[in-house]
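Trainee: Just input22.tsv, nothing more (TSV, C-alpha atoms):
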chain	number	residue	atom	x	y	z
A	15	MET	CA	102.32	23.91	100.91
A	16	GLN	CA	100.64	23.80	104.28
A	17	VAL	CA	98.32	26.71	105.18
A	18	THR	CA	98.28	27.66	108.83
A	19	ARG	CA	95.73	29.62	110.82
A	20	ARG	CA	98.21	32.46	110.88
A	21	ASP	CA	98.39	32.49	107.06
A	22	LEU	CA	94.59	32.57	106.87
A	23	ALA	CA	94.40	35.42	109.40
A	24	ILE	CA	96.92	37.49	107.43
A	25	ALA	CA	95.15	36.81	104.13
A	26	GLY	CA	91.81	37.76	105.71
A	27	ALA	CA	93.22	40.99	107.10
A	28	ILE	CA	94.67	41.92	103.70
A	29	ALA	CA	91.35	41.14	101.99
A	30	ILE	CA	89.52	43.45	104.41
A	31	VAL	CA	92.06	46.33	104.46
A	32	ALA	CA	93.29	46.41	100.83
A	33	PRO	CA	90.11	47.82	99.23
A	34	ASN	CA	90.06	50.64	101.81
A	35	LEU	CA	93.68	51.49	101.11
A	36	LEU	CA	93.13	51.54	97.37
A	37	SER	CA	89.99	53.67	97.59
A	38	GLY	CA	91.85	56.21	99.73
A	39	ALA	CA	94.63	56.70	97.16
A	40	PRO	CA	92.69	59.12	94.93
A	41	ALA	CA	91.65	61.11	97.99
A	42	LEU	CA	95.28	61.40	99.04
A	43	ALA	CA	96.28	62.50	95.53
A	44	GLU	CA	93.45	65.04	95.50
A	45	ALA	CA	94.54	66.46	98.85
A	46	GLY	CA	98.09	66.84	97.52
A	47	ASP	CA	96.86	68.45	94.30
A	48	GLU	CA	94.56	70.81	96.17
A	49	ALA	CA	97.47	71.89	98.36
A	50	ALA	CA	99.64	72.40	95.26
A	51	VAL	CA	96.96	74.58	93.63
A	52	ARG	CA	96.62	76.61	96.83
A	53	GLN	CA	100.40	77.10	96.85
A	54	ASN	CA	100.35	78.27	93.24
A	55	VAL	CA	97.50	80.69	93.91
A	56	GLU	CA	99.62	82.15	96.72
A	57	ALA	CA	102.70	82.21	94.47
A	58	LEU	CA	100.65	84.09	91.86
A	59	ARG	CA	99.57	86.63	94.48
A	60	GLU	CA	103.18	87.22	95.47
A	61	ALA	CA	104.30	87.45	91.83
A	62	LEU	CA	101.59	90.03	91.12
A	63	LEU	CA	102.61	92.05	94.18
A	64	LYS	CA	106.32	91.96	93.29
A	65	ALA	CA	105.81	92.16	89.50
A	66	ASP	CA	108.02	89.05	89.27
A	67	LYS	CA	108.18	88.30	85.55
A	68	ALA	CA	109.99	84.95	85.90
A	69	GLN	CA	107.46	83.65	88.42
A	70	LEU	CA	104.51	84.86	86.33
A	71	GLU	CA	106.00	83.03	83.32
A	72	ARG	CA	106.35	79.80	85.36
A	73	LEU	CA	102.82	79.94	86.77
A	74	SER	CA	100.99	80.84	83.53
A	75	ALA	CA	100.00	78.40	80.81
A	76	ASP	CA	100.98	79.38	77.27
A	77	GLN	CA	97.25	79.34	76.41
A	78	LEU	CA	96.35	81.78	79.23
A	79	SER	CA	93.17	83.83	78.89
A	80	TYR	CA	93.27	86.54	81.59
A	81	GLY	CA	90.02	88.48	81.98
A	82	HIS	CA	89.76	91.69	83.98
A	83	SER	CA	86.66	92.97	85.77
A	84	ASP	CA	86.45	95.89	83.30
A	85	GLY	CA	86.03	93.48	80.37
A	86	ARG	CA	89.58	93.46	79.00
A	87	VAL	CA	90.99	90.05	78.09
A	88	GLN	CA	94.71	89.41	77.73
A	89	ASN	CA	96.87	86.52	76.57
A	90	LYS	CA	99.92	85.39	78.54
A	91	GLY	CA	102.32	87.93	77.05
A	92	GLU	CA	99.93	90.86	77.44
A	93	PHE	CA	99.11	89.88	81.02
A	94	ILE	CA	102.73	89.60	82.11
A	95	ASP	CA	103.75	92.78	80.28
A	96	GLY	CA	100.87	94.64	81.95
A	97	VAL	CA	102.03	93.55	85.40
A	98	VAL	CA	105.74	94.28	84.95
A	99	THR	CA	105.22	97.70	83.26
A	100	ARG	CA	102.40	98.98	85.47
A	101	LYS	CA	102.60	102.58	86.63
A	102	ALA	CA	100.88	102.00	89.95
A	103	THR	CA	102.79	101.37	93.14
A	104	VAL	CA	101.10	98.31	94.62
A	105	LYS	CA	101.15	98.35	98.40
A	106	SER	CA	99.20	95.15	99.09
A	107	ILE	CA	97.33	92.32	97.40
A	108	THR	CA	95.32	89.71	99.28
A	109	PHE	CA	93.24	86.77	98.09
A	110	PRO	CA	90.80	86.10	100.96
A	111	GLU	CA	88.06	83.47	100.93
A	112	LEU	CA	90.00	81.04	98.71
A	113	LYS	CA	88.07	77.93	97.69
A	114	VAL	CA	89.62	75.24	95.48
A	115	SER	CA	87.90	72.30	93.82
A	116	LEU	CA	89.45	69.66	91.57
A	117	ALA	CA	88.15	68.05	88.39
A	118	GLY	CA	90.73	65.63	86.98
A	119	ASP	CA	93.68	67.59	85.63
A	120	ALA	CA	91.85	70.89	86.19
A	121	ALA	CA	91.21	72.93	89.30
A	122	ILE	CA	88.85	75.81	89.94
A	123	ALA	CA	89.89	78.51	92.39
A	124	ARG	CA	87.53	81.24	93.59
A	125	HIS	CA	88.56	84.08	95.87
A	126	LEU	CA	88.33	87.79	96.40
A	127	TYR	CA	91.03	90.05	94.98
A	128	GLU	CA	91.75	92.97	97.28
A	129	SER	CA	94.51	95.45	96.62
A	130	GLU	CA	95.76	98.84	97.69
A	131	SER	CA	97.84	100.85	95.25
A	132	GLU	CA	98.79	104.40	94.37
A	133	THR	CA	99.16	106.08	90.99
A	134	ASP	CA	100.53	109.64	90.77
A	135	GLY	CA	99.81	110.14	94.47
A	136	LYS	CA	96.19	109.00	94.19
A	137	PRO	CA	95.17	105.96	96.24
A	138	ASN	CA	93.22	103.16	94.59
A	139	ASN	CA	91.53	100.29	96.38
A	140	VAL	CA	90.18	97.29	94.48
A	141	LYS	CA	87.86	94.57	95.74
A	142	ILE	CA	86.59	92.16	93.08
A	143	GLY	CA	85.76	88.49	92.77
A	144	THR	CA	88.01	86.13	90.87
A	145	LEU	CA	87.47	82.79	89.20
A	146	SER	CA	90.57	81.02	87.93
A	147	VAL	CA	91.09	77.71	86.19
A	148	TRP	CA	94.34	75.85	86.74
A	149	GLN	CA	95.48	72.89	84.65
A	150	LYS	CA	98.09	70.27	85.48
A	151	GLN	CA	100.63	70.47	82.68
A	152	GLY	CA	103.80	68.37	82.86
A	153	GLY	CA	103.22	67.71	86.55
A	154	ASN	CA	102.84	71.42	87.42
A	155	TRP	CA	99.67	73.43	87.99
A	156	LYS	CA	99.45	76.33	85.52
A	157	LEU	CA	97.00	79.21	85.36
A	158	LEU	CA	94.93	78.53	82.24
A	159	ALA	CA	92.13	81.08	82.61
A	160	ARG	CA	91.17	83.85	84.99
A	161	GLN	CA	88.17	86.14	85.13
A	162	GLY	CA	87.73	89.04	87.51
A	163	TYR	CA	84.21	90.29	88.16
A	164	LYS	CA	82.56	93.14	90.02
A	165	LEU	CA	80.90	92.20	93.26
A	166	ALA	CA	77.18	92.80	93.75
Give the structure from this file in structure tokens form.
Mentor:
Amino acid sequence: MQVTRRDLAIAGAIAIVAPNLLSGAPALAEAGDEAAVRQNVEALREALLKADKAQLERLSADQLSYGHSDGRVQNKGEFIDGVVTRKATVKSITFPELKVSLAGDAAIARHLYESESETDGKPNNVKIGTLSVWQKQGGNWKLLARQGYKLA
């Protein structure tokens, strides 16, 4: 087999570019995973607002530990039941200042939880901090743990 200058040039270009392409692959996967977590955080917000039981079931891990800012901790069933049977009329829920970081098959999401609701004609506004842990299970990001906390 005769090697030409063209063959050498192509081989040289591959040798220079290939390591950069391979090192960028995890970064591309991380960007896709971060976007997927952000989408699921938004889907959770919408499911909480609409009290959408099916969506809450899909987004929550079976092992869910859901902590409230008042100290209550619920499992998956208790959390979902609490949302779908709530007495308050929820007018709005927002999750501003969302920050997501990845650690393997886990993701940490921090944001504020702001809501406006009404119970028996009395308005109630909530503004707390939230830390949630998401885990990739079967290719999908699931809410594994959540803790609400009072802001300073």
Trainee: Smallest atom-to-atom distance to A:Glu92: which of A:Val140, A:Leu73, A:Leu78, A:Ile107, using all atoms listed in the file?
Mentor: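 Checking each candidate against A:Glu92, we get A:Leu78 as the closest.
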Trainee: Quick one: residues within 10 Å of A:Lys113, all atoms listed in the file counted, chain neighbours fewer than 4 positions away excluded, as a PyMOL selection string?
Mentor: chain A and resi 48+52+122-126+145
Trainee: Just to confirm, what's the straight-line distance from atom CA of A:Gly153 to atom CA of A:Ala68 in Å (one decimal)?
Mentor: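 Those two atoms sit 18.5 Å apart.
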Trainee: From the set A:Ala159, A:Val114, A:Ala121, A:Val97, which residue has the shortest atom-to-atom contact distance to A:Arg59, counting only C-alpha atoms?
Mentor: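 Smallest distance to A:Arg59 is found for A:Val97.
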Trainee: Show me, as number ranges by chain, the residues that have an atom within 12 Å of A:Lys136 when counting all atoms listed in the file, minus same-chain residues fewer than 6 positions from it.
Mentor: A: 101-104, 130
Trainee: Using only C-alpha atoms, which of the listed residues (A:Arg72, A:Lys67, A:Thr108, A:Glu132) sits closest to A:Asn54?
Mentor: A:Arg72
Trainee: Grab all the atoms of stretch 47-58 of chain A that the file lists, wrap them in a box along x, y and z, add 4 Å per side, and give me centre plus edge lengths in Å (one decimal) as AutoDock Vina command-line options.
Mentor:
--center_x 98.6 --center_y 76.3 --center_z 95.1 --size_x 16.1 --size_y 23.6 --size_z 14.5
Trainee: Would you pick out the contacts of A:Glu60 at 10 Å or less, using all atoms listed in the file, so that residues sharing its chain but fewer than 2 positions from it are not included, and give the list as a list in words?
Mentor: Asn54, Val55, Glu56, Ala57, Leu58, Leu62, Leu63, Lys64, Ala65, Asp66, Gln69, Leu70, Ser106, Ile107 and Thr108 of chain A
Trainee: Could you work out how far atom CA of A:Asn139 lies from atom CA of A:Asn89, giving the answer in Å with one decimal?
Mentor: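 If I compute the distance from atom CA of A:Asn89 to atom CA of A:Asn139, I get 24.7 Å.
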Trainee: Atom CA of A:Ser74 and atom CA of A:Lys141 are how many Å apart?
Mentor: 22.6 Å
